[in-house]
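S.K.: Before I ask anything, let me first share the structure, which is written out below as structure tokens.
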Amino acid sequence: MRSSKLVKVLNLGRMGYQNALKVQHIMANRHHKVPATEKSGTFCDTQDVILLVEHNPVYTIGLRTEVYTRDEEERLKRLGAEFYQTDRGGLITYHGPGQLVAYPILNLNHFTKSIRGYVHTLENTVIRMCREGFGIRATTSPHTGVWVGENKICAIGIHTNRFITTHGIAINCNTDLSWYNHIVPCGIADKGITSITKELNQETTIADTIPYLLGAFSQEFGCDMKSTTFEYCGLSHKTRDELISAAGG
């Protein structure tokens with residue numbers, strides 16, 4: 001039996017962090033503009049979307065910024081990465097080529113109003129993806145994210161505003177893990193970082209990973225998934241132009 005909930009899938013391809021953030025805000029604002037009388041109806045269901053993206057090298061920090069000085073920012077930039085402060089939870093992390101980043105822009109009224117429950121479902125999504133797609137035994141830990149033993153394979157950092165979600169998950173597929181050597185990932189000093197490629201000892205790309213992620217997402221969130229494009233995402237011509245412009249960098 002098909003679900004009554006629909007989440008569209010918009011693959012942004014390779015995109016700089018700031019431009020992807022702009023796309024997130026555009027999509028989140030679509031939720032906020034829906035009249036209150038329609039927020040639990042079919043019309044708003046079409047606003048739920050998951051953005052898939054591969055970033056250029058970038059270090060991002062969350063709301064807790066006290067340990068990151070300007071000197072630290074400049075040090076990381078000299079490595080060839082960008083550096084941004086964001087409004088997500090969590091501490092510093094890395095995004096870059098070979099990492100599948102997924103930003104669910106959801107109205108949690110359609111799923112669960114519990115923020116903790118939402119994060120738990122994201123973790124279960126990645127655990128299912130690892131198990132069913134790649135035979136990797138991944139788990140949760142007292143630290144947010146998904147782990148293989150003592151090594152993190154997926155970071156999670158979210159933001160919500162009136163039950164509309166932004167930011168999301170970052171799964172290491174065939175990421176160059178040496179970028180993590182320059183930081184304490186997520187502020188956890190005694191843990192490591194891994195990737196699907198490292199765990200399997202076999203090159204595993206973002207393209208290899210996407211179908212398994214979407215299948216697991218559909219199962220864990222109880223929704224149907226439908227691929228879409230900028231042109232067919234139900235946007236005005238002006239908004240489409242903004243998105244397409246952002247996708248260029």
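Chain identifiers are assigned as A, B, and so on, following the order in which chains appear in the structure tokens; residues are numbered from 1 within each chain, and ligands are numbered from 1 in order of appearance.
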Set the distance at 7 Å and use only C-alpha atoms: which residues neighbour His95 (chain A) once local chain neighbours fewer than 4 positions away are removed? I'd like the list as a CSV table (one decimal) with N, CA and C atoms, in the first residue's frame.
M.R.:
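Below is the file that was written, out.csv:
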chain,number,residue,atom,x,y,z
A,55,HIS,N,29.5,18.7,-1.8
A,55,HIS,CA,30.1,20.0,-1.6
A,55,HIS,C,31.6,20.1,-2.0
A,57,PRO,N,35.3,21.3,-0.9
A,57,PRO,CA,35.9,21.2,0.5
A,57,PRO,C,35.5,22.4,1.4
A,58,VAL,N,34.9,22.1,2.5
A,58,VAL,CA,34.5,23.2,3.4
A,58,VAL,C,34.4,22.7,4.9
A,59,TYR,N,34.8,23.5,5.8
A,59,TYR,CA,34.7,23.2,7.2
A,59,TYR,C,33.5,24.1,7.7
A,99,GLN,N,31.5,12.8,-0.5
A,99,GLN,CA,30.6,12.7,0.7
A,99,GLN,C,29.2,13.1,0.2
S.K.: In region 35-191 of chain A, what's alpha helix (DSSP H) per DSSP? Answer as an NGL selection string?
M.R.: :A and (42-45 or 70-77 or 115-134)
S.K.: Produce a file of the selected residues containing N, CA, C and O atoms, as a tab-separated table (two decimals), in the first residue's frame.
M.R.:
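Once written, result-v3.tsv looks like this:
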chain	number	residue	atom	x	y	z
A	42	THR	N	-2.92	18.07	1.63
A	42	THR	CA	-2.16	17.55	0.50
A	42	THR	C	-1.26	18.61	-0.11
A	42	THR	O	-0.14	18.34	-0.52
A	43	PHE	N	-1.74	19.86	-0.13
A	43	PHE	CA	-0.97	20.92	-0.78
A	43	PHE	C	0.41	21.06	-0.16
A	43	PHE	O	1.42	21.09	-0.85
A	44	CYS	N	0.45	21.09	1.17
A	44	CYS	CA	1.73	21.27	1.84
A	44	CYS	C	2.62	20.03	1.72
A	44	CYS	O	3.83	20.14	1.76
A	45	ASP	N	2.00	18.86	1.56
A	45	ASP	CA	2.79	17.64	1.43
A	45	ASP	C	3.79	17.75	0.29
A	45	ASP	O	4.87	17.17	0.33
A	70	ARG	N	39.64	33.39	14.92
A	70	ARG	CA	39.89	33.81	13.55
A	70	ARG	C	41.17	33.14	13.02
A	70	ARG	O	41.24	32.79	11.84
A	71	ASP	N	42.16	32.97	13.90
A	71	ASP	CA	43.39	32.29	13.47
A	71	ASP	C	43.10	30.85	13.04
A	71	ASP	O	43.67	30.36	12.06
A	72	GLU	N	42.22	30.18	13.79
A	72	GLU	CA	41.85	28.81	13.44
A	72	GLU	C	41.13	28.77	12.10
A	72	GLU	O	41.38	27.90	11.26
A	73	GLU	N	40.26	29.73	11.87
A	73	GLU	CA	39.55	29.81	10.60
A	73	GLU	C	40.53	30.01	9.45
A	73	GLU	O	40.45	29.32	8.41
A	74	GLU	N	41.49	30.91	9.62
A	74	GLU	CA	42.45	31.17	8.56
A	74	GLU	C	43.35	29.97	8.31
A	74	GLU	O	43.73	29.69	7.17
A	75	ARG	N	43.70	29.24	9.37
A	75	ARG	CA	44.52	28.03	9.22
A	75	ARG	C	43.83	27.02	8.32
A	75	ARG	O	44.44	26.42	7.42
A	76	LEU	N	42.53	26.82	8.54
A	76	LEU	CA	41.78	25.84	7.75
A	76	LEU	C	41.58	26.33	6.31
A	76	LEU	O	41.63	25.53	5.37
A	77	LYS	N	41.41	27.61	6.14
A	77	LYS	CA	41.25	28.14	4.79
A	77	LYS	C	42.53	27.96	3.97
A	77	LYS	O	42.48	27.73	2.76
A	115	ILE	N	11.78	16.60	18.06
A	115	ILE	CA	13.08	16.83	17.43
A	115	ILE	C	13.99	15.64	17.68
A	115	ILE	O	14.69	15.17	16.79
A	116	ARG	N	13.98	15.14	18.90
A	116	ARG	CA	14.80	13.97	19.21
A	116	ARG	C	14.36	12.77	18.37
A	116	ARG	O	15.19	12.00	17.87
A	117	GLY	N	13.05	12.61	18.21
A	117	GLY	CA	12.54	11.52	17.38
A	117	GLY	C	12.96	11.66	15.93
A	117	GLY	O	13.26	10.66	15.26
A	118	TYR	N	13.00	12.89	15.43
A	118	TYR	CA	13.43	13.14	14.06
A	118	TYR	C	14.90	12.75	13.87
A	118	TYR	O	15.26	12.05	12.91
A	119	VAL	N	15.76	13.17	14.80
A	119	VAL	CA	17.18	12.81	14.71
A	119	VAL	C	17.34	11.29	14.79
A	119	VAL	O	18.14	10.70	14.05
A	120	HIS	N	16.58	10.66	15.67
A	120	HIS	CA	16.65	9.20	15.81
A	120	HIS	C	16.26	8.52	14.50
A	120	HIS	O	16.88	7.53	14.10
A	121	THR	N	15.25	9.06	13.81
A	121	THR	CA	14.83	8.47	12.54
A	121	THR	C	15.89	8.67	11.47
A	121	THR	O	16.13	7.78	10.63
A	122	LEU	N	16.57	9.81	11.47
A	122	LEU	CA	17.68	10.01	10.55
A	122	LEU	C	18.79	8.99	10.80
A	122	LEU	O	19.34	8.40	9.86
A	123	GLU	N	19.10	8.77	12.07
A	123	GLU	CA	20.13	7.77	12.40
A	123	GLU	C	19.70	6.39	11.93
A	123	GLU	O	20.51	5.66	11.33
A	124	ASN	N	18.46	6.03	12.18
A	124	ASN	CA	17.98	4.71	11.74
A	124	ASN	C	17.99	4.58	10.22
A	124	ASN	O	18.21	3.48	9.69
A	125	THR	N	17.76	5.68	9.53
A	125	THR	CA	17.81	5.67	8.06
A	125	THR	C	19.20	5.27	7.58
A	125	THR	O	19.36	4.41	6.69
A	126	VAL	N	20.22	5.89	8.16
A	126	VAL	CA	21.59	5.60	7.73
A	126	VAL	C	22.01	4.19	8.16
A	126	VAL	O	22.68	3.48	7.41
A	127	ILE	N	21.59	3.78	9.35
A	127	ILE	CA	21.90	2.42	9.80
A	127	ILE	C	21.28	1.39	8.85
A	127	ILE	O	21.93	0.42	8.47
A	128	ARG	N	20.03	1.60	8.45
A	128	ARG	CA	19.37	0.70	7.50
A	128	ARG	C	20.09	0.72	6.15
A	128	ARG	O	20.30	-0.33	5.53
A	129	MET	N	20.47	1.90	5.70
A	129	MET	CA	21.17	2.02	4.42
A	129	MET	C	22.48	1.22	4.47
A	129	MET	O	22.81	0.48	3.52
A	130	CYS	N	23.24	1.38	5.56
A	130	CYS	CA	24.51	0.66	5.68
A	130	CYS	C	24.29	-0.85	5.68
A	130	CYS	O	25.01	-1.60	5.01
A	131	ARG	N	23.27	-1.30	6.40
A	131	ARG	CA	23.01	-2.74	6.54
A	131	ARG	C	22.49	-3.34	5.25
A	131	ARG	O	23.02	-4.34	4.74
A	132	GLU	N	21.44	-2.74	4.69
A	132	GLU	CA	20.78	-3.34	3.54
A	132	GLU	C	21.52	-3.06	2.23
A	132	GLU	O	21.45	-3.87	1.30
A	133	GLY	N	22.20	-1.92	2.16
A	133	GLY	CA	22.89	-1.58	0.92
A	133	GLY	C	24.29	-2.14	0.81
A	133	GLY	O	24.75	-2.50	-0.27
A	134	PHE	N	24.99	-2.23	1.99
A	134	PHE	CA	26.41	-2.54	1.93
A	134	PHE	C	26.85	-3.63	2.91
A	134	PHE	O	28.03	-3.98	2.93
S.K.: What does the distance between CA of Met27 (chain A) and CA of Arg14 (chain A) come to in Å, to one decimal place?
M.R.: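 Value for the CA of Met27 (chain A)-CA of Arg14 (chain A) distance: 18.1 Å.
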S.K.: I'd like the contact shell of Lys5 (chain A) - 8 Å cut-off, only C-alpha atoms, skipping same-chain residues fewer than 3 positions apart - returned as a ChimeraX atom specification.
M.R.: /A:45,110,222-224
S.K.: Since we have the selection now, will you write its residues out, keeping N, CA and C atoms, as an mmCIF file, in the first residue's frame?
M.R.:
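After the write, result08.cif holds the following:
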data_model
loop_
_atom_site.group_PDB
_atom_site.id
_atom_site.type_symbol
_atom_site.label_atom_id
_atom_site.label_comp_id
_atom_site.auth_asym_id
_atom_site.auth_seq_id
_atom_site.Cartn_x
_atom_site.Cartn_y
_atom_site.Cartn_z
ATOM 1 N N ASP A 45 2.000 18.860 1.559
ATOM 2 C CA ASP A 45 2.793 17.645 1.434
ATOM 3 C C ASP A 45 3.790 17.751 0.287
ATOM 4 N N HIS A 110 4.106 16.502 9.511
ATOM 5 C CA HIS A 110 3.761 15.360 8.659
ATOM 6 C C HIS A 110 4.404 14.063 9.136
ATOM 7 N N GLY A 222 8.298 6.460 6.330
ATOM 8 C CA GLY A 222 6.967 6.059 5.890
ATOM 9 C C GLY A 222 6.413 6.944 4.796
ATOM 10 N N CYS A 223 7.222 7.184 3.769
ATOM 11 C CA CYS A 223 6.808 8.099 2.703
ATOM 12 C C CYS A 223 7.210 7.540 1.349
ATOM 13 N N ASP A 224 6.570 8.057 0.318
ATOM 14 C CA ASP A 224 6.992 7.781 -1.046
ATOM 15 C C ASP A 224 8.019 8.829 -1.451
#
S.K.: With a distance cut-off of 6 Å and only C-alpha atoms, select the neighbouring residues of Thr60 (chain A), excluding the residue or stretch itself and same-chain residues fewer than 2 positions from it, and output the selection as a list of chain:residue names.
M.R.: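 Here the answer would be A:Phe83, A:Tyr84, A:Gln85, A:Ile92, A:Thr93.
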S.K.: Counting only C-alpha atoms, which residue out of A:Phe230, A:Ser4, A:Pro104, A:Gly96 sits closest to Thr166 (chain A)?
M.R.: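 The closest residue to Thr166 (chain A) is A:Pro104.
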S.K.: Out of A:Asn172, A:Gln24, A:Gln219, A:Thr69, which residue has the shortest atom-to-atom distance to Ile105 (chain A) when counting only C-alpha atoms?
M.R.: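 Of A:Asn172, A:Gln24, A:Gln219, A:Thr69, the one nearest Ile105 (chain A) is A:Gln24, counting only C-alpha atoms.
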S.K.: Just to confirm, what's the straight-line distance from CA of Gly80 (chain A) to CA of Ile171 (chain A) in Å (one decimal)?
M.R.: 21.2 Å
S.K.: Which residues, written as an MDAnalysis selection string, have at least one atom at most 12 Å from Leu200 (chain A), with only C-alpha atoms counted and residues fewer than 2 positions away on the same chain left out?
M.R.: chainID A and resid 130 133:137 148 173:174 194:198 202:205
S.K.: Just the selected residues (N, CA, C and O atoms), exported as a compact mmCIF listing (two decimals), in the first residue's frame, please.
M.R.:
# COMPACT_ATOMS: atom_id res chain seq x y z
N CYS A 130 23.24 1.38 5.56
CA CYS A 130 24.51 0.66 5.68
C CYS A 130 24.29 -0.85 5.68
O CYS A 130 25.01 -1.60 5.01
N GLY A 133 22.20 -1.92 2.16
CA GLY A 133 22.89 -1.58 0.92
C GLY A 133 24.29 -2.14 0.81
O GLY A 133 24.75 -2.50 -0.27
N PHE A 134 24.99 -2.23 1.99
CA PHE A 134 26.41 -2.54 1.93
C PHE A 134 26.85 -3.63 2.91
O PHE A 134 28.03 -3.98 2.93
N GLY A 135 25.94 -4.14 3.71
CA GLY A 135 26.31 -5.16 4.67
C GLY A 135 27.21 -4.66 5.78
O GLY A 135 27.95 -5.43 6.39
N ILE A 136 27.15 -3.36 6.06
CA ILE A 136 27.96 -2.75 7.11
C ILE A 136 27.12 -2.66 8.38
O ILE A 136 25.99 -2.17 8.35
N ARG A 137 27.67 -3.11 9.50
CA ARG A 137 26.96 -3.04 10.78
C ARG A 137 27.25 -1.69 11.43
O ARG A 137 28.30 -1.48 12.03
N VAL A 148 30.53 3.10 12.99
CA VAL A 148 30.96 1.73 12.75
C VAL A 148 32.09 1.47 13.75
O VAL A 148 33.20 1.99 13.59
N CYS A 173 31.27 8.50 1.64
CA CYS A 173 31.24 7.42 0.64
C CYS A 173 32.67 7.06 0.26
O CYS A 173 33.21 6.05 0.70
N ASN A 174 33.28 7.88 -0.59
CA ASN A 174 34.70 7.71 -0.92
C ASN A 174 35.44 9.02 -0.64
O ASN A 174 36.28 9.47 -1.41
N THR A 194 35.36 7.16 9.44
CA THR A 194 35.46 6.13 8.42
C THR A 194 34.56 6.47 7.25
O THR A 194 33.87 7.49 7.25
N SER A 195 34.58 5.61 6.24
CA SER A 195 33.76 5.79 5.05
C SER A 195 33.26 4.43 4.58
O SER A 195 33.77 3.38 5.01
N ILE A 196 32.29 4.45 3.69
CA ILE A 196 31.81 3.19 3.12
C ILE A 196 32.94 2.50 2.36
O ILE A 196 33.16 1.29 2.48
N THR A 197 33.69 3.28 1.59
CA THR A 197 34.82 2.73 0.84
C THR A 197 35.83 2.07 1.76
O THR A 197 36.31 0.96 1.49
N LYS A 198 36.15 2.71 2.86
CA LYS A 198 37.13 2.16 3.81
C LYS A 198 36.63 0.88 4.44
O LYS A 198 37.37 -0.10 4.58
N GLN A 202 36.57 -1.17 -0.89
CA GLN A 202 36.13 -1.15 -2.29
C GLN A 202 35.57 0.24 -2.58
O GLN A 202 34.76 0.77 -1.80
N GLU A 203 35.98 0.82 -3.69
CA GLU A 203 35.54 2.16 -4.04
C GLU A 203 34.02 2.21 -4.14
O GLU A 203 33.41 1.46 -4.92
N THR A 204 33.41 3.09 -3.36
CA THR A 204 31.95 3.23 -3.34
C THR A 204 31.62 4.71 -3.46
O THR A 204 32.00 5.51 -2.61
N THR A 205 30.93 5.06 -4.52
CA THR A 205 30.70 6.47 -4.85
C THR A 205 29.37 6.98 -4.30
O THR A 205 28.53 6.20 -3.80
S.K.: Quick check, in Å to one decimal: how far apart do CA of His167 (chain A) and CA of Ala28 (chain A) lie?
M.R.: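 Separation of CA of His167 (chain A) and CA of Ala28 (chain A): 10.5 Å.
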